[in-house]
Structure formats: structure tokens, C-alpha cells
Number of protein chains: 2
Amino acid sequence: MKRKRSGAKKEKLLAVAGDVFIEKGFRDATVAEICARAEANISAVNYHFGSKEALYQEAWRHSFTESLKAYPMDGGVSKTAPAEERLRGQLTSLIQRIADENNKDFFIAQMEMVNPTGLLQEVMKSELIPMRQQTLALVRELLGPEATEQQVDYCEVSIISMCVHPMVMQRIAKRTGDKDMPAMIGDVTAFADHVVMFALAGIDAIRRKGSKP
Amino acid sequence: MKRKRSGAKKEKLLAVAGDVFIEKGFRDATVAEICARAEANISAVNYHFGSKEALYQEAWRHSFTESLKAYPMDGGVSKTAPAEERLRGQLTSLIQRIADENNKDFFIAQMEMVNPTGLLQEVMKSELIPMRQQTLALVRELLGPEATEQQVDYCEVSIISMCVHPMVMQRIAKRTGDKDMPAMIGDVTAFADHVVMFALAGIDAIRRKGSKP
DNA sequence: GCTTATTTCAAATTATCATTTGAAATAAGC
DNA sequence: GCTTATTTCAAATGATAATTTGAAATAAGC
């Protein structure tokens, strides 16, 4: 048999593992299936990665690295642009990142939150916390100095939810090919525009209301 | 040993199973642990329910029935009330329902979407589809006759996301007791009010924009 | 109290997987 | 070409957990 360049099998295992973990979750994904799809022997996982757990962690980290490279958190909008534009950049980048079916990290992170294996805890914080801080700062700026911290928190979670939840549901719908759960968001950019408009209107309403109820 | 009334063990198993399935997910929950917590013998699950799968389905249905009884979909607001008030009713009821830690059905449904066992597919549709229709109708009414179906869809998914996603995250934070993921929503009613205001402002902005981009 | 239908129990059985093993095949350095 | 370090392979091993079994205990009807 011809030999591929060194490390080719390892990379293929990493990619295939991401797919299988997304389809089945950590526990229901079997080493046997991953190896079969990667056209590798059953012992390839343990040889290359040491264990199924280590493969899971490496697959996530690999996917996460690629993901942030393709979709920077600020969406490529300059720090000096108006706050509205920076919000548009952040949200659009986030939405596109989740929509991109090559990116597995965000979806795996969702599974991990709902159904934790505990294997990604530390590593996921390095993703979520800085992302949250950046949005919080932006929302604080848009709400103005009068806003309470609770108003900032509530707005931030509302806005991020409008991005994350629909896109995750969308991927679920695509995965199952379920006709009762139609893939509603055809044009990701149009949806991102909708979210930005909705979010800015909401922020504005909270700001007008003021901090005293 | 004293005997309890007939069916007591079965009910206890049902309740305990819900807890364990929420904590661990279907696959990681073991029959052994469920029986131990219910102070029942290892064979109790198979005796009473036939299989772990059947127990899972019955536990969900049991929880769902109780859930809808406690939190009707319209939130108890009259059909003749203004649309804004009906929206407030729907969203507040939904938020409270997810927040209530006695209710397991919604959280199990989330796990099931992200990480499907396939065991609840049909049964979950009976929950989600009518709920969605009711919100769609209300949003359509609030957006007015000019609105496109896409605008209605986008607004509905945005609004439901603002309710579901934060509350699910909140329950996850409580489950793990994670200090990096603080339970942010202390006062559920205040949060519901925030979401209603945010949603109405968003709808209004979309309506003012009109259907032509 | 006696009989019968339920319910509980501990141990045995099966099934599914992750992991290990040791031999065989292959590439790379010399 | 020879040697050594990697990599692949099929089969064996071990661990975990669902399910089955058959006997024992218990409640309920009479």
C-alpha cells in the first residue's frame, strides 16, 4: 500500500472526529465509526491521540483555531467606527461563524453546555468570556452612562441570544433534514441585518426608558 | 418491610428519572443510578417500564403534562386583550415555565434537540409546533398587514430566542454552580418585562421600516 | 387464614465499546 | 541494501451497563 505523507491520517481523523461528534455527541460517537469513516484501523485513535477523550479535546481545539481565523470577533470593523457599526460587525461575524458548516467548535460548545462531558470546561471559557466582555462593553456604550449594570446584562444576553439560538436551531434542522423544522434562514446576511436592527431598537427603547422603572 | 400504596415506586422512579436525565443526559444516565436514588432495585425500571428508553419517554410526557398545567401558553391573558398584553402573557409564561426547576420537559427538549436520541421526536412536535403558531399569529398582528412572511418569521424567532436561550443558560449555570457563569437572572418577572419591552421596540422598528428594504 | 397477583431482590447474562497487544508492514536515515 | 523508528492491522481483553431470570416477599381479595 502507498504511504501518505506523515500526519495525513491524523488530520483526517481530526476532521472526521469533528463530524461524528457533532452528529452523535461525545458519548454516542464510537471510536469504531470514527476510524471507519477515516478509513483507519480501530486502534488508530489510541495510537495517534491516546484516548477518545484526548481526540475530542484536540478536535475541538483544532476547529476553534480555524474558526476564529475565519471569523474575527470584531468582524473586521475598525475600533474607531461608530458603535452601531461595531455592533453590526460583531453580530454579523458571530452569525456567519455559527452558520458556516465547516465550523464545528461553536456547535460542539453548545452540546457541551447542555450535556457536559466536562472535557472542554477550561478550554471553552477562553472562548466565551472574552467574547462576552467585548459585547458587554459595546452595549454599555450604546446604552449610555445612565444605564444600570442589570440593563447592560439583560441587553447583552438578549442580543447574543438572538444570534446564537436561531443559528443553532438552523443547524439542527439541517442535520436532521426535518421538514417540520424548516431551515428558515436562507440569507445569513439578511438575517444579520434584521438582528442588528432589532437589537438597536431594543437598546434605544431601554435607554429612553431610563434607569428608574 | 412496609408496603407503600400501589404505584408509589413507579411515580418515584418517574420523578427521579427526570432529575437524572437532566443532570446526565439519556446516555450517561444509568439505570443503576436512577434505581439507587429512587431506593429501588436495579430491575425496577425494566419491571415497571420495560426499558430505559420507555422510562425516558414516560418521564418526559409526565413532566410535560404537569408543565402545561402550571403554565398555560397564553399566560392567562384574555383573548380579547390588546396584542401587547397577550404578548406579555405568552412570553412571561414561557420564561417562568423554563425557570421553574420543577419543570423538566423544556430542558430535556433542549438536550434532545442538540443531542437527539430520536426517542422524543414525534412527542416533542406536539409541544413546539402549536406554541410557535400562537406566537407567529401574535407577531403577525403586531407587525400589521404590510409585513412580509419573512419579517414575521425573523421577528418570531428573535423573540422566542430572547426567552429560551437565557433561561436555558441560567439553568445550566445553576446545575454546574459555575462561578464563571453567574446566574444572572435573579428576578424572573423583571427579566420578562425587559424582554417584552425589547421585543415590542424591535417589532416597531421593523414595522416602521416597511416591507421594502 | 388462604390464595393469587404484584412487586422486590440478588445474581447471572448479554451487549457494546474503549483499549491493549504483538505481529506485520512501511518509511526514513545511513 | 540494511537498520531502525513509525504506523497499520486483526484479534484479544476488560469495563461498563442494560436486561433477564427465578426465587422470595408482600399486598389484596375472598
# chains A, B, ... in the order shown; residues from 1 in each chain; ligands from 1
call {"tool": "residues_around", "arguments": {"residues": "B:Glu53", "least_positions_apart": "2", "cutoff": "12 Å", "atoms": "only C-alpha atoms (C1' of nucleotides)", "output": "compact mmCIF listing (two decimals) with N, CA and C atoms (P, O5', C5', C4', C3', O3' and C1' of nucleotides), in the first residue's frame"}}
result
# COMPACT_ATOMS: atom_id res chain seq x y z
N ALA B 17 -36.06 9.79 37.61
CA ALA B 17 -35.53 9.64 36.25
C ALA B 17 -35.42 11.00 35.58
N PHE B 21 -31.93 12.29 34.18
CA PHE B 21 -31.79 12.55 32.74
C PHE B 21 -31.37 14.00 32.49
N PHE B 26 -29.52 11.35 28.38
CA PHE B 26 -30.05 9.98 28.31
C PHE B 26 -28.95 8.95 28.41
N ARG B 27 -27.91 9.12 27.62
CA ARG B 27 -26.91 8.08 27.51
C ARG B 27 -26.07 7.93 28.78
N ALA B 29 -26.94 8.79 31.81
CA ALA B 29 -27.74 8.40 32.97
C ALA B 29 -27.80 6.88 33.00
N THR B 30 -27.51 6.29 34.15
CA THR B 30 -27.57 4.83 34.20
C THR B 30 -28.80 4.38 34.98
N VAL B 31 -29.33 3.27 34.54
CA VAL B 31 -30.46 2.66 35.23
C VAL B 31 -30.09 2.41 36.68
N VAL B 45 -36.71 -0.63 36.94
CA VAL B 45 -37.01 0.09 35.70
C VAL B 45 -37.58 -0.85 34.65
N ASN B 46 -36.93 -1.99 34.50
CA ASN B 46 -37.44 -2.90 33.48
C ASN B 46 -38.78 -3.51 33.89
N PHE B 49 -41.34 -0.26 33.52
CA PHE B 49 -41.43 0.47 32.25
C PHE B 49 -41.00 -0.33 31.02
N GLY B 50 -40.35 -1.46 31.26
CA GLY B 50 -39.97 -2.28 30.12
C GLY B 50 -38.56 -2.03 29.65
N SER B 51 -38.15 -0.76 29.66
CA SER B 51 -36.80 -0.45 29.22
C SER B 51 -36.43 0.95 29.65
N LEU B 55 -38.81 4.42 29.83
CA LEU B 55 -38.81 5.28 31.01
C LEU B 55 -38.54 6.73 30.62
N TYR B 56 -37.59 6.90 29.74
CA TYR B 56 -37.25 8.25 29.26
C TYR B 56 -38.47 8.92 28.65
N GLN B 57 -39.16 8.20 27.79
CA GLN B 57 -40.34 8.77 27.13
C GLN B 57 -41.43 9.07 28.14
N GLU B 58 -41.66 8.16 29.05
CA GLU B 58 -42.73 8.40 30.04
C GLU B 58 -42.36 9.55 30.96
N ALA B 59 -41.11 9.64 31.32
CA ALA B 59 -40.68 10.72 32.21
C ALA B 59 -40.90 12.06 31.52
N TRP B 60 -40.60 12.13 30.23
CA TRP B 60 -40.80 13.39 29.54
C TRP B 60 -42.28 13.75 29.47
N THR B 117 -31.71 11.66 20.82
CA THR B 117 -31.77 10.21 20.94
C THR B 117 -32.76 9.67 19.91
N GLY B 118 -33.62 10.56 19.40
CA GLY B 118 -34.66 10.14 18.47
C GLY B 118 -35.89 9.59 19.17
N LEU B 119 -35.84 9.51 20.49
CA LEU B 119 -36.94 8.88 21.20
C LEU B 119 -38.10 9.83 21.46
N LEU B 120 -37.86 11.13 21.30
CA LEU B 120 -38.92 12.09 21.64
C LEU B 120 -39.42 12.87 20.43
P DA D 18 -27.47 1.55 31.98
O5' DA D 18 -28.42 0.56 31.18
C5' DA D 18 -28.40 0.59 29.77
C4' DA D 18 -28.91 -0.72 29.22
C3' DA D 18 -30.33 -1.08 29.66
O3' DA D 18 -31.06 -1.49 28.52
C1' DA D 18 -28.82 -2.84 30.22
call {"tool": "select_by_dssp", "arguments": {"residues": "stretch 28-130 of chain B", "states": "helix (DSSP H, G or I)", "output": "VMD selection string"}}
result
chain B and resid 28 31 to 37 44 to 49 52 to 70 83 to 99 105 to 114 121 to 130
call {"tool": "residues_around", "arguments": {"residues": "D:DT16", "least_positions_apart": "3", "cutoff": "12 Å", "atoms": "only C-alpha atoms (C1' of nucleotides)", "output": "list in words"}}
result
Asp28, Thr30, Val31 and Ala32 of chain B; DA15, DT16, DC17 and DA18 of chain C
call {"tool": "write_last_selection", "arguments": {"atoms": "C-alpha atoms (C1' of nucleotides)", "output": "short mmCIF file (atom, residue, chain, number, x, y, z; two decimals), in the first residue's frame"}}
result
data_model
loop_
_atom_site.label_atom_id
_atom_site.label_comp_id
_atom_site.auth_asym_id
_atom_site.auth_seq_id
_atom_site.Cartn_x
_atom_site.Cartn_y
_atom_site.Cartn_z
CA ASP B 28 -24.88 8.96 30.59
CA THR B 30 -27.57 4.83 34.20
CA VAL B 31 -30.46 2.66 35.23
CA ALA B 32 -28.42 1.74 38.26
"C1'" DA C 15 -24.16 -6.42 24.51
"C1'" DT C 16 -21.46 -2.65 23.44
"C1'" DC C 17 -17.31 -0.33 23.33
"C1'" DA C 18 -12.75 1.54 24.51
#
call {"tool": "closest_atom_pairs", "arguments": {"of": "chain D", "to": "chain A", "cutoff": "12 Å", "atoms": "only C-alpha atoms (C1' of nucleotides)", "output": "tab-separated table"}}
result
residue	atom	partner	partner_atom	distance
D:DT6	C1'	A:Ser6	CA	9.4
D:DT7	C1'	A:Tyr47	CA	8.8
D:DT8	C1'	A:Asn41	CA	6.9
D:DC9	C1'	A:Asn41	CA	6.6
D:DA10	C1'	A:Asn41	CA	9.2
D:DA11	C1'	A:Ile42	CA	11.3
call {"tool": "write_last_selection", "arguments": {"atoms": "C-alpha atoms (C1' of nucleotides)", "output": "PDB file, in the first residue's frame"}}
result
ATOM      1  C1'  DT D   6       6.670   4.651  12.717  1.00  0.00           C
ATOM      2  C1'  DT D   7       2.471   3.231  11.508  1.00  0.00           C
ATOM      3  C1'  DT D   8      -1.172  -0.232  10.495  1.00  0.00           C
ATOM      4  C1'  DC D   9      -3.641  -4.204  11.433  1.00  0.00           C
ATOM      5  C1'  DA D  10      -6.788  -8.097  13.358  1.00  0.00           C
ATOM      6  C1'  DA D  11      -7.759 -10.203  17.322  1.00  0.00           C
TER       7       DA D  11
END
call {"tool": "closest_atom_pairs", "arguments": {"of": "chain C", "to": "chain B", "cutoff": "9 Å", "atoms": "only C-alpha atoms (C1' of nucleotides)", "output": "CSV"}}
result
residue,atom,partner,partner_atom,distance
C:DT7,C1',B:Tyr47,CA,8.8
C:DT8,C1',B:Asn41,CA,6.9
C:DC9,C1',B:Asn41,CA,6.7
call {"tool": "write_last_selection", "arguments": {"atoms": "C-alpha atoms (C1' of nucleotides)", "output": "short mmCIF file (atom, residue, chain, number, x, y, z; two decimals), in the first residue's frame"}}
result
data_model
loop_
_atom_site.label_atom_id
_atom_site.label_comp_id
_atom_site.auth_asym_id
_atom_site.auth_seq_id
_atom_site.Cartn_x
_atom_site.Cartn_y
_atom_site.Cartn_z
"C1'" DT C 7 -43.63 -6.31 43.49
"C1'" DT C 8 -38.80 -6.74 45.12
"C1'" DC C 9 -34.45 -8.74 45.11
#
call {"tool": "interface_residues", "arguments": {"of": "chain B", "to": "chain A", "cutoff": "7 Å", "atoms": "only C-alpha atoms", "output": "JSON, numbers by chain"}}
result
{"B": [24, 25, 111, 113, 114, 115, 157, 158, 161, 162, 165, 166, 172, 198, 199, 201, 202, 205]}
call {"tool": "write_last_selection", "arguments": {"atoms": "N, CA and C atoms", "output": "CSV table (one decimal), in the first residue's frame"}}
result
chain,number,residue,atom,x,y,z
B,24,LYS,N,-27.6,14.3,33.5
B,24,LYS,CA,-26.6,13.5,32.8
B,24,LYS,C,-26.9,13.3,31.3
B,25,GLY,N,-28.1,13.6,30.9
B,25,GLY,CA,-28.5,13.2,29.5
B,25,GLY,C,-28.8,11.7,29.4
B,111,MET,N,-32.0,19.4,25.3
B,111,MET,CA,-31.0,18.4,25.2
B,111,MET,C,-31.3,17.5,24.0
B,113,MET,N,-32.8,18.3,21.3
B,113,MET,CA,-32.6,18.9,20.0
B,113,MET,C,-31.1,18.9,19.7
B,114,VAL,N,-30.3,19.4,20.7
B,114,VAL,CA,-28.9,19.5,20.5
B,114,VAL,C,-28.2,18.1,20.3
B,115,ASN,N,-28.8,17.2,21.0
B,115,ASN,CA,-28.1,15.8,21.1
B,115,ASN,C,-29.2,14.8,21.0
B,157,VAL,N,-38.7,34.3,15.7
B,157,VAL,CA,-37.5,33.6,16.1
B,157,VAL,C,-36.6,34.4,17.1
B,158,SER,N,-36.6,35.7,16.8
B,158,SER,CA,-35.8,36.6,17.6
B,158,SER,C,-36.4,36.6,19.0
B,161,SER,N,-36.2,33.4,20.9
B,161,SER,CA,-34.8,33.1,21.3
B,161,SER,C,-34.4,33.9,22.6
B,162,MET,N,-34.9,35.2,22.6
B,162,MET,CA,-34.6,36.0,23.8
B,162,MET,C,-35.2,35.4,25.1
B,165,HIS,N,-33.2,31.0,25.2
B,165,HIS,CA,-31.7,30.9,25.4
B,165,HIS,C,-31.2,31.3,26.7
B,166,PRO,N,-31.6,32.5,27.2
B,166,PRO,CA,-31.1,32.9,28.5
B,166,PRO,C,-31.5,32.0,29.6
B,172,ILE,N,-28.4,25.9,33.2
B,172,ILE,CA,-27.1,25.2,33.1
B,172,ILE,C,-26.2,25.8,34.1
B,198,PHE,N,-38.1,45.0,25.0
B,198,PHE,CA,-37.1,44.9,23.9
B,198,PHE,C,-37.8,44.4,22.6
B,199,ALA,N,-38.7,43.4,22.8
B,199,ALA,CA,-39.4,42.8,21.7
B,199,ALA,C,-40.3,43.8,21.0
B,201,ALA,N,-40.2,47.0,21.0
B,201,ALA,CA,-39.4,48.0,20.3
B,201,ALA,C,-38.8,47.5,19.0
B,202,GLY,N,-38.4,46.2,19.0
B,202,GLY,CA,-37.9,45.6,17.8
B,202,GLY,C,-39.0,45.5,16.7
B,205,ALA,N,-39.7,48.8,15.2
B,205,ALA,CA,-38.7,49.3,14.2
B,205,ALA,C,-38.9,48.6,12.9
call {"tool": "atom_distance", "arguments": {"atom1": "atom C1' of D:DT13", "atom2": "atom C1' of C:DT21"}}
result
9.1 Å
call {"tool": "atom_distance", "arguments": {"atom1": "atom CA of B:Asn102", "atom2": "atom CA of B:Ser63"}}
result
8.6 Å
call {"tool": "residues_around", "arguments": {"residues": "C:DT13", "least_positions_apart": "2", "cutoff": "10 Å", "atoms": "only C-alpha atoms (C1' of nucleotides)", "output": "number ranges by chain"}}
result
C: 11, 15; D: 19-21
